[in-house]
Every structure is written in structure tokens, then in C-alpha cells.
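> File start_20.cif follows (mmCIF, C-alpha atoms and all ligand atoms):
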```
data_upload
loop_
_atom_site.label_atom_id
_atom_site.label_comp_id
_atom_site.auth_asym_id
_atom_site.auth_seq_id
_atom_site.Cartn_x
_atom_site.Cartn_y
_atom_site.Cartn_z
CA MET G 1 31.14 67.36 18.99
CA SER G 2 31.54 63.61 18.83
CA GLY G 3 30.75 61.09 21.58
CA VAL G 4 28.32 63.36 23.44
CA LYS G 5 24.90 61.88 24.28
CA GLY G 6 21.69 63.87 23.84
CA ALA G 7 21.28 66.83 21.53
CA ASN G 8 24.20 68.00 19.41
CA VAL G 9 26.71 70.16 21.24
CA TRP G 10 28.14 72.73 18.83
CA VAL G 11 31.29 74.77 19.34
CA TRP G 12 31.42 78.21 17.76
CA ASP G 13 35.19 78.58 17.48
CA PHE G 14 36.93 81.87 16.72
CA GLN G 15 40.39 83.35 17.04
CA TRP G 16 40.28 84.41 20.66
CA GLY G 17 37.92 81.86 22.14
CA CYS G 18 34.93 79.65 21.63
CA VAL G 19 31.31 79.29 22.62
CA LEU G 20 29.46 76.10 23.55
CA ILE G 21 25.93 75.70 22.26
CA ASP G 22 23.97 73.25 24.50
CA SER G 23 25.46 70.50 26.66
CA GLY G 24 23.70 67.16 25.99
CA VAL G 25 22.10 65.01 28.71
CA PRO G 26 23.64 64.86 32.23
CA ARG G 27 27.18 63.49 32.71
CA GLN G 28 28.55 64.58 29.31
CA GLN G 29 31.07 67.06 30.73
CA SER G 30 34.08 64.74 30.29
CA ALA G 31 33.20 64.06 26.65
CA ILE G 32 32.67 67.79 26.00
CA LEU G 33 35.98 68.76 27.63
CA ALA G 34 37.77 65.98 25.70
CA ASN G 35 36.40 67.40 22.44
CA LEU G 36 37.62 70.87 23.42
CA GLN G 37 41.05 69.46 24.26
CA ALA G 38 41.22 67.72 20.87
CA MET G 39 40.61 71.15 19.30
CA GLY G 40 43.48 72.62 21.32
CA ARG G 41 41.05 74.49 23.58
CA THR G 42 40.88 74.56 27.39
CA PRO G 43 37.91 75.45 29.62
CA ASP G 44 39.41 78.96 29.88
CA HIS G 45 38.95 79.47 26.14
CA VAL G 46 35.17 79.13 26.52
CA LYS G 47 33.72 82.67 26.53
CA ALA G 48 30.03 81.73 26.89
CA MET G 49 27.76 78.71 27.20
CA CYS G 50 24.56 79.19 25.24
CA CYS G 51 21.49 77.12 26.06
CA THR G 52 18.86 76.88 23.30
CA HIS G 53 16.06 75.74 25.64
CA ARG G 54 15.15 73.91 28.80
CA HIS G 55 14.93 70.29 27.60
CA LEU G 56 17.16 67.78 29.40
CA ASP G 57 19.00 66.64 26.26
CA HIS G 58 20.19 70.26 25.80
CA CYS G 59 20.81 71.64 29.31
CA GLY G 60 21.70 68.38 31.10
CA SER G 61 25.42 68.93 31.64
CA PHE G 62 25.63 72.70 32.17
CA ALA G 63 25.72 72.40 35.98
CA ALA G 64 28.72 70.04 35.81
CA LEU G 65 30.45 72.24 33.21
CA GLN G 66 30.01 75.24 35.52
CA GLN G 67 32.40 73.51 37.94
CA VAL G 68 35.27 73.98 35.46
CA VAL G 69 34.15 76.58 32.91
CA ARG G 70 33.99 80.12 34.23
CA ALA G 71 32.05 81.56 31.26
CA PRO G 72 28.48 82.73 31.81
CA LEU G 73 25.53 80.47 31.00
CA ILE G 74 23.09 82.23 28.69
CA ALA G 75 19.43 81.20 28.33
CA HIS G 76 16.09 82.87 27.70
CA SER G 77 14.48 84.28 30.85
CA TRP G 78 11.29 82.24 30.23
CA ASP G 79 13.18 78.91 30.34
CA ALA G 80 15.60 79.97 33.10
CA PRO G 81 13.31 78.95 36.03
CA ALA G 82 13.20 75.36 34.68
CA ILE G 83 16.94 75.22 33.96
CA GLU G 84 17.51 76.45 37.53
CA GLY G 85 15.24 73.72 38.95
CA ARG G 86 12.35 75.93 40.06
CA GLU G 87 9.98 74.45 37.43
CA PRO G 88 9.91 71.06 35.70
CA LEU G 89 11.95 70.92 32.48
CA THR G 90 8.86 69.71 30.63
CA SER G 91 5.34 70.78 31.46
CA ALA G 92 2.22 69.23 30.05
CA ALA G 93 0.56 70.95 27.13
CA PRO G 94 -3.02 71.04 28.44
CA GLY G 95 -5.87 69.30 26.64
CA ASN G 96 -3.89 66.62 24.84
CA PRO G 97 -3.93 63.34 26.84
CA LEU G 98 -1.16 61.74 24.74
CA LYS G 99 1.13 64.74 25.26
CA GLU G 100 0.30 64.80 28.97
CA LEU G 101 1.28 61.13 29.21
CA VAL G 102 4.50 61.71 27.22
CA ASP G 103 5.33 64.75 29.38
CA SER G 104 4.80 62.84 32.62
CA LEU G 105 7.05 60.02 31.37
CA ILE G 106 9.72 62.55 30.35
CA ARG G 107 9.46 64.26 33.76
CA PHE G 108 10.00 60.90 35.49
CA SER G 109 12.97 60.21 33.22
CA ASP G 110 14.49 63.71 33.75
CA ASN G 111 14.34 63.46 37.52
CA THR G 112 14.72 59.77 38.30
CA VAL G 113 16.57 58.14 35.41
CA PHE G 114 18.93 60.98 34.45
CA GLY G 115 18.99 62.88 37.75
CA TYR G 116 18.99 66.40 36.33
CA VAL G 117 21.17 68.80 38.32
CA PRO G 118 19.95 72.40 37.94
CA ALA G 119 22.36 74.94 36.47
CA ARG G 120 22.69 78.64 37.27
CA VAL G 121 21.63 80.97 34.44
CA ASP G 122 24.10 83.86 34.66
CA ALA G 123 22.80 85.94 31.77
CA PRO G 124 19.07 85.69 31.04
CA VAL G 125 18.22 87.02 27.57
CA HIS G 126 14.97 88.07 25.92
CA GLY G 127 15.79 87.97 22.20
CA GLY G 128 17.30 90.69 20.03
CA GLU G 129 20.60 90.83 21.94
CA ARG G 130 24.01 90.62 20.32
CA LEU G 131 26.01 88.67 22.87
CA PRO G 132 29.30 90.09 24.12
CA ASP G 133 32.38 87.85 23.87
CA THR G 134 30.77 85.45 21.38
CA HIS G 135 32.02 86.91 18.11
CA GLU G 136 28.65 88.44 17.36
CA LEU G 137 26.10 85.75 18.06
CA GLU G 138 22.58 87.21 17.98
CA VAL G 139 19.72 85.84 20.08
CA ILE G 140 16.46 85.17 18.23
CA HIS G 141 13.51 84.29 20.44
CA CYS G 142 11.38 81.56 18.82
CA PRO G 143 8.79 80.50 21.41
CA GLY G 144 6.58 77.46 20.90
CA HIS G 145 8.72 74.34 21.29
CA THR G 146 9.24 75.73 24.80
CA PRO G 147 8.38 79.29 25.92
CA GLY G 148 12.06 80.27 26.03
CA SER G 149 13.36 78.52 22.91
CA VAL G 150 15.99 80.59 21.13
CA CYS G 151 18.21 80.36 18.06
CA TYR G 152 21.71 81.83 18.01
CA PHE G 153 22.62 83.48 14.70
CA GLN G 154 26.06 84.42 13.37
CA ARG G 155 25.05 86.92 10.70
CA ALA G 156 28.46 87.40 9.05
CA ARG G 157 28.62 83.72 8.11
CA GLY G 158 24.88 83.09 8.01
CA VAL G 159 25.07 80.24 10.52
CA LEU G 160 21.93 79.54 12.56
CA PHE G 161 22.21 77.37 15.68
CA ALA G 162 18.56 76.35 15.76
CA GLY G 163 18.19 74.11 18.83
CA ASP G 164 14.84 72.36 18.45
CA VAL G 165 13.16 75.35 16.78
CA LEU G 166 13.67 73.39 13.56
CA SER G 167 14.05 69.65 13.15
CA GLN G 168 15.14 67.74 10.07
CA ARG G 169 14.24 64.56 8.26
CA HIS G 170 16.38 63.09 5.46
CA GLY G 171 18.36 66.33 5.36
CA ARG G 172 15.25 68.52 4.89
CA LEU G 173 14.22 71.12 7.46
CA ARG G 174 10.98 70.38 9.31
CA PRO G 175 9.00 72.08 12.10
CA PRO G 176 9.86 70.98 15.66
CA ARG G 177 8.65 67.49 16.62
CA SER G 178 4.99 67.94 17.63
CA ILE G 179 4.92 65.50 20.49
CA PHE G 180 7.72 67.35 22.34
CA THR G 181 6.43 70.84 21.43
CA MET G 182 4.34 72.79 23.92
CA ASN G 183 2.56 75.06 21.42
CA ARG G 184 2.74 73.97 17.77
CA GLU G 185 0.96 77.01 16.26
CA GLN G 186 3.26 79.38 18.11
CA ALA G 187 6.30 77.29 17.09
CA LEU G 188 5.31 77.62 13.42
CA GLU G 189 4.67 81.36 13.75
CA SER G 190 8.15 81.73 15.28
CA LEU G 191 9.69 80.46 12.03
CA ARG G 192 8.37 83.44 10.06
CA PRO G 193 11.23 85.87 10.91
CA LEU G 194 13.80 83.14 10.24
CA ALA G 195 12.69 82.93 6.59
CA GLU G 196 13.87 86.56 6.17
CA LEU G 197 17.39 85.98 7.54
CA PRO G 198 20.46 85.53 5.31
CA ILE G 199 20.99 81.94 6.47
CA THR G 200 23.60 79.78 4.71
CA ALA G 201 23.52 76.80 7.11
CA VAL G 202 21.16 75.60 9.82
CA LEU G 203 22.74 73.58 12.61
CA THR G 204 19.86 71.72 14.23
CA ALA G 205 20.16 69.91 17.53
CA HIS G 206 19.47 66.44 16.15
CA GLY G 207 21.23 65.58 12.86
CA GLY G 208 23.84 67.23 10.68
CA PRO G 209 23.96 70.72 9.13
CA VAL G 210 21.41 71.72 6.49
CA ALA G 211 22.84 74.07 3.89
CA GLU G 212 20.58 73.65 0.86
CA HIS G 213 18.60 76.93 0.52
CA PRO G 214 17.61 77.04 4.21
CA ALA G 215 15.43 80.16 3.89
CA ARG G 216 13.52 78.58 1.01
CA GLN G 217 12.98 75.43 3.06
CA ILE G 218 11.70 77.47 6.00
CA ALA G 219 9.33 79.38 3.69
CA ALA G 220 8.01 76.01 2.43
CA ILE G 221 7.31 74.89 6.01
CA LEU G 222 5.33 78.12 6.57
CA ARG G 223 3.28 77.48 3.41
CA GLU G 224 2.59 73.83 4.19
CA GLY G 225 2.16 74.13 7.99
ZN ZN A 1 16.19 68.12 21.58
ZN ZN A 2 13.52 70.24 22.82
#
```
Take the structure in the file and give it back as C-alpha cells.


Amino acid sequence: MSGVKGANVWVWDFQWGCVLIDSGVPRQQSAILANLQAMGRTPDHVKAMCCTHRHLDHCGSFAALQQVVRAPLIAHSWDAPAIEGREPLTSAAPGNPLKELVDSLIRFSDNTVFGYVPARVDAPVHGGERLPDTHELEVIHCPGHTPGSVCYFQRARGVLFAGDVLSQRHGRLRPPRSIFTMNREQALESLRPLAELPITAVLTAHGGPVAEHPARQIAAILREG
């Protein structure tokens, strides 16, 4: 979607509806709805809202969207307490003073600068589900960046909505950005099953699609660490 601030908001569009993947930072609902309108879609066409993880640039506008979109909000059960406002969206990775400082700055920004409004998670998932009403999106749990980070995979087309489970630099897939990642070793380990999937395109949350041998690129990340 264009004109939306924060992480990319993707629309998985199919004949009888569409699915929103992530929602940007707070106050992006008008821009998101305008994009849907430009596609000839109304809020009623949205069959599900899929959250990749609990960071503000991804879940920031779900609460506002829930005022007009009746579709369920889907997120992993381990990130749901933060999305619902019962835990901070970021929590310090212990033992790393720089990360603790960055996390405390982000927490201040989430609450005071952006004014995060908690959203209601209607359908907590655990990984392994094939979501109803989404034209066969599968949930793949990839903990590490956050405990409840997930990818959504459309197997028939080989499209992977990766959230921050993968990042990219100069069009090449990379591991998630270390400084924002709670457990780097676990985040790398979570990439292992992705290298086995028939992926044709990875849609990361920051940057454009990556379609050049994605599985090979993921295997290279696993080799190089
Ligand atoms: Zn992000
Ligand atoms: Zn993130």
C-alpha cells in the first residue's frame, strides 16, 4: 500500500475478498482505507487482518481499523498480550546495555510519542494453522525477533509475507535487524524451515518484494549466520 507510515501494509487480494497484513504505525487507518477504496474494495471485503508481530510499526493502527473493519484480527498468542496492551510492545533483551537503552527509548516513543492504542486479538494462533477465509494463508511461527513473530505463507503461489522475520539490504534477504531483535540465535534458527518451503517471492515489512531464489538466499543466511 502506498502512503502508509511504518512497516509495509500488504493486501492479499482474491476473488471474494482480501486480507490485510499489518497496519503501520498509529493513525494510518485513513490511508489504508483509501488504498482499499482505490482497489475497489470496501471494509466489508476484508476477511481477516493478520498481524506479523507486536512491534508498533506493524500493529499500530489495528485498533482504529477495528472500528470499521469487522474481520477478525489474527496474531500469535505469545505476542497477543502486548498487542492488547497487557505487556509493553518491546521488552528489553537482558544483558545487553545498548539494546536495553534502545528498548527503553522505543517504549517511550510507543507510549508517549505515538500513543499506541491496544487492539483486540480475536483469533490467537500458534503456528501450523491454515486460516479460514484468507484463501489459504498458512501461519508459520518464527520466534526470535519477538516471541510471537509469524510469517503468512500462500503455498499455491509461493508468496511469503515475512514481517520482520527477514529483512533485506540492496534487494538481498538478511536476518532480522539485530538491535530490534529479542533473541538473535532463535531468530536465525527460525529461518531453517523457511529454506525448505517452495517460496517464489518474499514480501518483507521494510522494502520491496524479493523474488530472486529466495530459498537459496535463506540457506545462505543459515550458512553465514
Ligand atoms: Zn518492522
Ligand atoms: Zn519488528

> Measuring atom to atom with all atoms listed in the file, identify which of G:Arg86, G:His55, G:Arg70, G:His141 is nearest to ligand ZN 1 (chain A).

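Of G:Arg86, G:His55, G:Arg70, G:His141, the one nearest ligand ZN 1 (chain A), counting all atoms listed in the file, is G:His55.
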
> Closest to ligand ZN 2 (chain A) among G:Glu189, G:Asp164, G:Glu138, G:Asp110, using only C-alpha atoms and all ligand atoms?

G:Asp164

> Show me a table, sorted first by chain and then by increasing residue number, of the residues of chain G having an atom at most 12 Å from ligand ZN 2 (chain A), each with its shortest atom pair and the distance in Å to one decimal, counting all atoms listed in the file and written as JSON lines.


```
{"residue": "G:Gly6", "atom": "CA", "partner": "A:ZN2", "partner_atom": "ZN", "distance": 10.4}
{"residue": "G:Ala7", "atom": "CA", "partner": "A:ZN2", "partner_atom": "ZN", "distance": 8.6}
{"residue": "G:Asn8", "atom": "CA", "partner": "A:ZN2", "partner_atom": "ZN", "distance": 11.4}
{"residue": "G:Asp22", "atom": "CA", "partner": "A:ZN2", "partner_atom": "ZN", "distance": 11.0}
{"residue": "G:Gly24", "atom": "CA", "partner": "A:ZN2", "partner_atom": "ZN", "distance": 11.1}
{"residue": "G:Val25", "atom": "CA", "partner": "A:ZN2", "partner_atom": "ZN", "distance": 11.6}
{"residue": "G:Cys51", "atom": "CA", "partner": "A:ZN2", "partner_atom": "ZN", "distance": 11.0}
{"residue": "G:Thr52", "atom": "CA", "partner": "A:ZN2", "partner_atom": "ZN", "distance": 8.5}
{"residue": "G:His53", "atom": "CA", "partner": "A:ZN2", "partner_atom": "ZN", "distance": 6.7}
{"residue": "G:Arg54", "atom": "CA", "partner": "A:ZN2", "partner_atom": "ZN", "distance": 7.2}
{"residue": "G:His55", "atom": "CA", "partner": "A:ZN2", "partner_atom": "ZN", "distance": 5.0}
{"residue": "G:Leu56", "atom": "CA", "partner": "A:ZN2", "partner_atom": "ZN", "distance": 7.9}
{"residue": "G:Asp57", "atom": "CA", "partner": "A:ZN2", "partner_atom": "ZN", "distance": 7.4}
{"residue": "G:His58", "atom": "CA", "partner": "A:ZN2", "partner_atom": "ZN", "distance": 7.3}
{"residue": "G:Cys59", "atom": "CA", "partner": "A:ZN2", "partner_atom": "ZN", "distance": 9.9}
{"residue": "G:Gly60", "atom": "CA", "partner": "A:ZN2", "partner_atom": "ZN", "distance": 11.8}
{"residue": "G:Asp79", "atom": "CA", "partner": "A:ZN2", "partner_atom": "ZN", "distance": 11.5}
{"residue": "G:Leu89", "atom": "CA", "partner": "A:ZN2", "partner_atom": "ZN", "distance": 9.8}
{"residue": "G:Thr90", "atom": "CA", "partner": "A:ZN2", "partner_atom": "ZN", "distance": 9.1}
{"residue": "G:Ser91", "atom": "CA", "partner": "A:ZN2", "partner_atom": "ZN", "distance": 11.9}
{"residue": "G:Asp103", "atom": "CA", "partner": "A:ZN2", "partner_atom": "ZN", "distance": 11.8}
{"residue": "G:Ile106", "atom": "CA", "partner": "A:ZN2", "partner_atom": "ZN", "distance": 11.4}
{"residue": "G:Pro143", "atom": "CA", "partner": "A:ZN2", "partner_atom": "ZN", "distance": 11.4}
{"residue": "G:Gly144", "atom": "CA", "partner": "A:ZN2", "partner_atom": "ZN", "distance": 10.2}
{"residue": "G:His145", "atom": "CA", "partner": "A:ZN2", "partner_atom": "ZN", "distance": 6.5}
{"residue": "G:Thr146", "atom": "CA", "partner": "A:ZN2", "partner_atom": "ZN", "distance": 7.2}
{"residue": "G:Pro147", "atom": "CA", "partner": "A:ZN2", "partner_atom": "ZN", "distance": 10.9}
{"residue": "G:Gly148", "atom": "CA", "partner": "A:ZN2", "partner_atom": "ZN", "distance": 10.6}
{"residue": "G:Ser149", "atom": "CA", "partner": "A:ZN2", "partner_atom": "ZN", "distance": 8.3}
{"residue": "G:Val150", "atom": "CA", "partner": "A:ZN2", "partner_atom": "ZN", "distance": 10.8}
{"residue": "G:Ala162", "atom": "CA", "partner": "A:ZN2", "partner_atom": "ZN", "distance": 10.6}
{"residue": "G:Gly163", "atom": "CA", "partner": "A:ZN2", "partner_atom": "ZN", "distance": 7.3}
{"residue": "G:Asp164", "atom": "CA", "partner": "A:ZN2", "partner_atom": "ZN", "distance": 5.0}
{"residue": "G:Val165", "atom": "CA", "partner": "A:ZN2", "partner_atom": "ZN", "distance": 7.9}
{"residue": "G:Leu166", "atom": "CA", "partner": "A:ZN2", "partner_atom": "ZN", "distance": 9.8}
{"residue": "G:Ser167", "atom": "CA", "partner": "A:ZN2", "partner_atom": "ZN", "distance": 9.7}
{"residue": "G:Pro175", "atom": "CA", "partner": "A:ZN2", "partner_atom": "ZN", "distance": 11.8}
{"residue": "G:Pro176", "atom": "CA", "partner": "A:ZN2", "partner_atom": "ZN", "distance": 8.1}
{"residue": "G:Arg177", "atom": "CA", "partner": "A:ZN2", "partner_atom": "ZN", "distance": 8.3}
{"residue": "G:Ser178", "atom": "CA", "partner": "A:ZN2", "partner_atom": "ZN", "distance": 10.2}
{"residue": "G:Ile179", "atom": "CA", "partner": "A:ZN2", "partner_atom": "ZN", "distance": 10.1}
{"residue": "G:Phe180", "atom": "CA", "partner": "A:ZN2", "partner_atom": "ZN", "distance": 6.5}
{"residue": "G:Thr181", "atom": "CA", "partner": "A:ZN2", "partner_atom": "ZN", "distance": 7.2}
{"residue": "G:Met182", "atom": "CA", "partner": "A:ZN2", "partner_atom": "ZN", "distance": 9.6}
{"residue": "G:Ala187", "atom": "CA", "partner": "A:ZN2", "partner_atom": "ZN", "distance": 11.6}
{"residue": "G:Thr204", "atom": "CA", "partner": "A:ZN2", "partner_atom": "ZN", "distance": 10.8}
{"residue": "G:Ala205", "atom": "CA", "partner": "A:ZN2", "partner_atom": "ZN", "distance": 8.5}
{"residue": "G:His206", "atom": "CA", "partner": "A:ZN2", "partner_atom": "ZN", "distance": 9.7}
```

> Restrict the selected residues to C-alpha atoms and save them as a compact mmCIF listing (two decimals), keeping the file's coordinate frame.


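What ended up in selection31.txt:
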```txt
# COMPACT_ATOMS: atom_id res chain seq x y z
CA GLY G 6 21.69 63.87 23.84
CA ALA G 7 21.28 66.83 21.53
CA ASN G 8 24.20 68.00 19.41
CA ASP G 22 23.97 73.25 24.50
CA GLY G 24 23.70 67.16 25.99
CA VAL G 25 22.10 65.01 28.71
CA CYS G 51 21.49 77.12 26.06
CA THR G 52 18.86 76.88 23.30
CA HIS G 53 16.06 75.74 25.64
CA ARG G 54 15.15 73.91 28.80
CA HIS G 55 14.93 70.29 27.60
CA LEU G 56 17.16 67.78 29.40
CA ASP G 57 19.00 66.64 26.26
CA HIS G 58 20.19 70.26 25.80
CA CYS G 59 20.81 71.64 29.31
CA GLY G 60 21.70 68.38 31.10
CA ASP G 79 13.18 78.91 30.34
CA LEU G 89 11.95 70.92 32.48
CA THR G 90 8.86 69.71 30.63
CA SER G 91 5.34 70.78 31.46
CA ASP G 103 5.33 64.75 29.38
CA ILE G 106 9.72 62.55 30.35
CA PRO G 143 8.79 80.50 21.41
CA GLY G 144 6.58 77.46 20.90
CA HIS G 145 8.72 74.34 21.29
CA THR G 146 9.24 75.73 24.80
CA PRO G 147 8.38 79.29 25.92
CA GLY G 148 12.06 80.27 26.03
CA SER G 149 13.36 78.52 22.91
CA VAL G 150 15.99 80.59 21.13
CA ALA G 162 18.56 76.35 15.76
CA GLY G 163 18.19 74.11 18.83
CA ASP G 164 14.84 72.36 18.45
CA VAL G 165 13.16 75.35 16.78
CA LEU G 166 13.67 73.39 13.56
CA SER G 167 14.05 69.65 13.15
CA PRO G 175 9.00 72.08 12.10
CA PRO G 176 9.86 70.98 15.66
CA ARG G 177 8.65 67.49 16.62
CA SER G 178 4.99 67.94 17.63
CA ILE G 179 4.92 65.50 20.49
CA PHE G 180 7.72 67.35 22.34
CA THR G 181 6.43 70.84 21.43
CA MET G 182 4.34 72.79 23.92
CA ALA G 187 6.30 77.29 17.09
CA THR G 204 19.86 71.72 14.23
CA ALA G 205 20.16 69.91 17.53
CA HIS G 206 19.47 66.44 16.15
```

> Suppose you want the space between atom CA of G:Ala195 and atom CA of G:Arg216; what is it in Å?

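Between atom CA of G:Ala195 and atom CA of G:Arg216 the gap is 7.1 Å.
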
> One decimal, Å: what's the distance from atom CA of G:Arg107 over to atom CA of G:Ala119, could you say?

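Computed distance, atom CA of G:Arg107 to atom CA of G:Ala119, equals 17.0 Å.
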
> How many Å lie between atom CA of G:Ala31 and atom CA of G:Pro118, rounded to one decimal?

19.3 Å

> Neighbouring residues of stretch 36-48 of chain G were defined as those with any atom within 7 Å, considering all atoms listed in the file; residues of the same chain fewer than 6 positions away were excluded. Please report them as an mmCIF file with C-alpha atoms, in the frame of the given file.


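Once everything was written out, this is selection.cif:
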```cif
data_model
loop_
_atom_site.group_PDB
_atom_site.id
_atom_site.type_symbol
_atom_site.label_atom_id
_atom_site.label_comp_id
_atom_site.auth_asym_id
_atom_site.auth_seq_id
_atom_site.Cartn_x
_atom_site.Cartn_y
_atom_site.Cartn_z
ATOM 1 C CA GLY G 17 37.920 81.860 22.140
ATOM 2 C CA CYS G 18 34.930 79.650 21.630
ATOM 3 C CA VAL G 19 31.310 79.290 22.620
ATOM 4 C CA LEU G 20 29.460 76.100 23.550
ATOM 5 C CA VAL G 68 35.270 73.980 35.460
ATOM 6 C CA VAL G 69 34.150 76.580 32.910
ATOM 7 C CA ALA G 71 32.050 81.560 31.260
ATOM 8 C CA PRO G 72 28.480 82.730 31.810
ATOM 9 C CA LEU G 73 25.530 80.470 31.000
ATOM 10 C CA ASP G 133 32.380 87.850 23.870
ATOM 11 C CA THR G 134 30.770 85.450 21.380
#
```

> Looking at G:Asn183, G:Gln67, G:Gln168, G:Ser77, which one is nearest to ligand ZN 1 (chain A), with distances taken over all atoms listed in the file?

G:Gln168

> Enclose stretch 155-173 of chain G, meaning all of its atoms listed in the file, in a box aligned along x, y and z, pad it by 4 Å on each side, and list the centre and edge lengths in Å to one decimal, as AutoDock Vina command-line options.


```
--center_x 20.9 --center_y 75.2 --center_z 11.9 --size_x 23.5 --size_y 32.3 --size_z 21.9
```

> Find the residues around G:Glu129 up to 9 Å (only C-alpha atoms counted), leave out those fewer than 6 positions away in its own chain, and share them as a PDB file with C-alpha atoms, in the frame of the given file.


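Below is the file that was written, selection-v1.pdb:
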```
ATOM      1  CA  LEU G 137      26.100  85.750  18.060  1.00  0.00           C
ATOM      2  CA  GLU G 138      22.580  87.210  17.980  1.00  0.00           C
ATOM      3  CA  VAL G 139      19.720  85.840  20.080  1.00  0.00           C
ATOM      4  CA  ILE G 140      16.460  85.170  18.230  1.00  0.00           C
TER       5      ILE G 140
END
```

> For each of G:Asn35, G:Ser61, G:Ser109, G:Gln154, take the minimum atom-to-atom distance to G:Ile199, counting all atoms listed in the file, then give the residue where this is smallest.

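Between G:Asn35, G:Ser61, G:Ser109, G:Gln154, the residue approaching G:Ile199 most closely is G:Gln154.
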
> Kindly add N, CA and C atoms to the incomplete stretch 61-73 of chain G and provide the output as a PDB file, keeping the file's coordinate frame.


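In the end it all went to selection_12.pdb:
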```
ATOM      1  N   SER G  61      24.071  68.949  31.063  1.00  0.00           N
ATOM      2  CA  SER G  61      25.420  68.930  31.640  1.00  0.00           C
ATOM      3  C   SER G  61      25.967  70.324  31.972  1.00  0.00           C
ATOM      4  N   PHE G  62      25.113  71.358  31.882  1.00  0.00           N
ATOM      5  CA  PHE G  62      25.630  72.700  32.170  1.00  0.00           C
ATOM      6  C   PHE G  62      26.089  72.843  33.624  1.00  0.00           C
ATOM      7  N   ALA G  63      25.338  72.245  34.565  1.00  0.00           N
ATOM      8  CA  ALA G  63      25.720  72.400  35.980  1.00  0.00           C
ATOM      9  C   ALA G  63      27.118  71.831  36.217  1.00  0.00           C
ATOM     10  N   ALA G  64      27.392  70.652  35.631  1.00  0.00           N
ATOM     11  CA  ALA G  64      28.720  70.040  35.810  1.00  0.00           C
ATOM     12  C   ALA G  64      29.785  70.873  35.103  1.00  0.00           C
ATOM     13  N   LEU G  65      29.465  71.402  33.925  1.00  0.00           N
ATOM     14  CA  LEU G  65      30.450  72.240  33.210  1.00  0.00           C
ATOM     15  C   LEU G  65      30.775  73.496  34.022  1.00  0.00           C
ATOM     16  N   GLN G  66      29.769  74.008  34.746  1.00  0.00           N
ATOM     17  CA  GLN G  66      30.010  75.240  35.520  1.00  0.00           C
ATOM     18  C   GLN G  66      31.041  75.032  36.634  1.00  0.00           C
ATOM     19  N   GLN G  67      31.344  73.766  36.954  1.00  0.00           N
ATOM     20  CA  GLN G  67      32.400  73.510  37.940  1.00  0.00           C
ATOM     21  C   GLN G  67      33.786  73.841  37.383  1.00  0.00           C
ATOM     22  N   VAL G  68      33.929  73.779  36.049  1.00  0.00           N
ATOM     23  CA  VAL G  68      35.270  73.980  35.460  1.00  0.00           C
ATOM     24  C   VAL G  68      35.320  75.124  34.439  1.00  0.00           C
ATOM     25  N   VAL G  69      34.176  75.498  33.905  1.00  0.00           N
ATOM     26  CA  VAL G  69      34.150  76.580  32.910  1.00  0.00           C
ATOM     27  C   VAL G  69      33.626  77.835  33.600  1.00  0.00           C
ATOM     28  N   ARG G  70      34.394  78.918  33.497  1.00  0.00           N
ATOM     29  CA  ARG G  70      33.990  80.120  34.230  1.00  0.00           C
ATOM     30  C   ARG G  70      33.058  81.028  33.414  1.00  0.00           C
ATOM     31  N   ALA G  71      32.848  80.696  32.146  1.00  0.00           N
ATOM     32  CA  ALA G  71      32.050  81.560  31.260  1.00  0.00           C
ATOM     33  C   ALA G  71      30.582  81.556  31.695  1.00  0.00           C
ATOM     34  N   PRO G  72      29.887  82.653  31.416  1.00  0.00           N
ATOM     35  CA  PRO G  72      28.480  82.730  31.810  1.00  0.00           C
ATOM     36  C   PRO G  72      27.589  81.779  31.011  1.00  0.00           C
ATOM     37  N   LEU G  73      26.553  81.267  31.677  1.00  0.00           N
ATOM     38  CA  LEU G  73      25.530  80.470  31.000  1.00  0.00           C
ATOM     39  C   LEU G  73      24.401  81.412  30.577  1.00  0.00           C
TER      40      LEU G  73
END
```
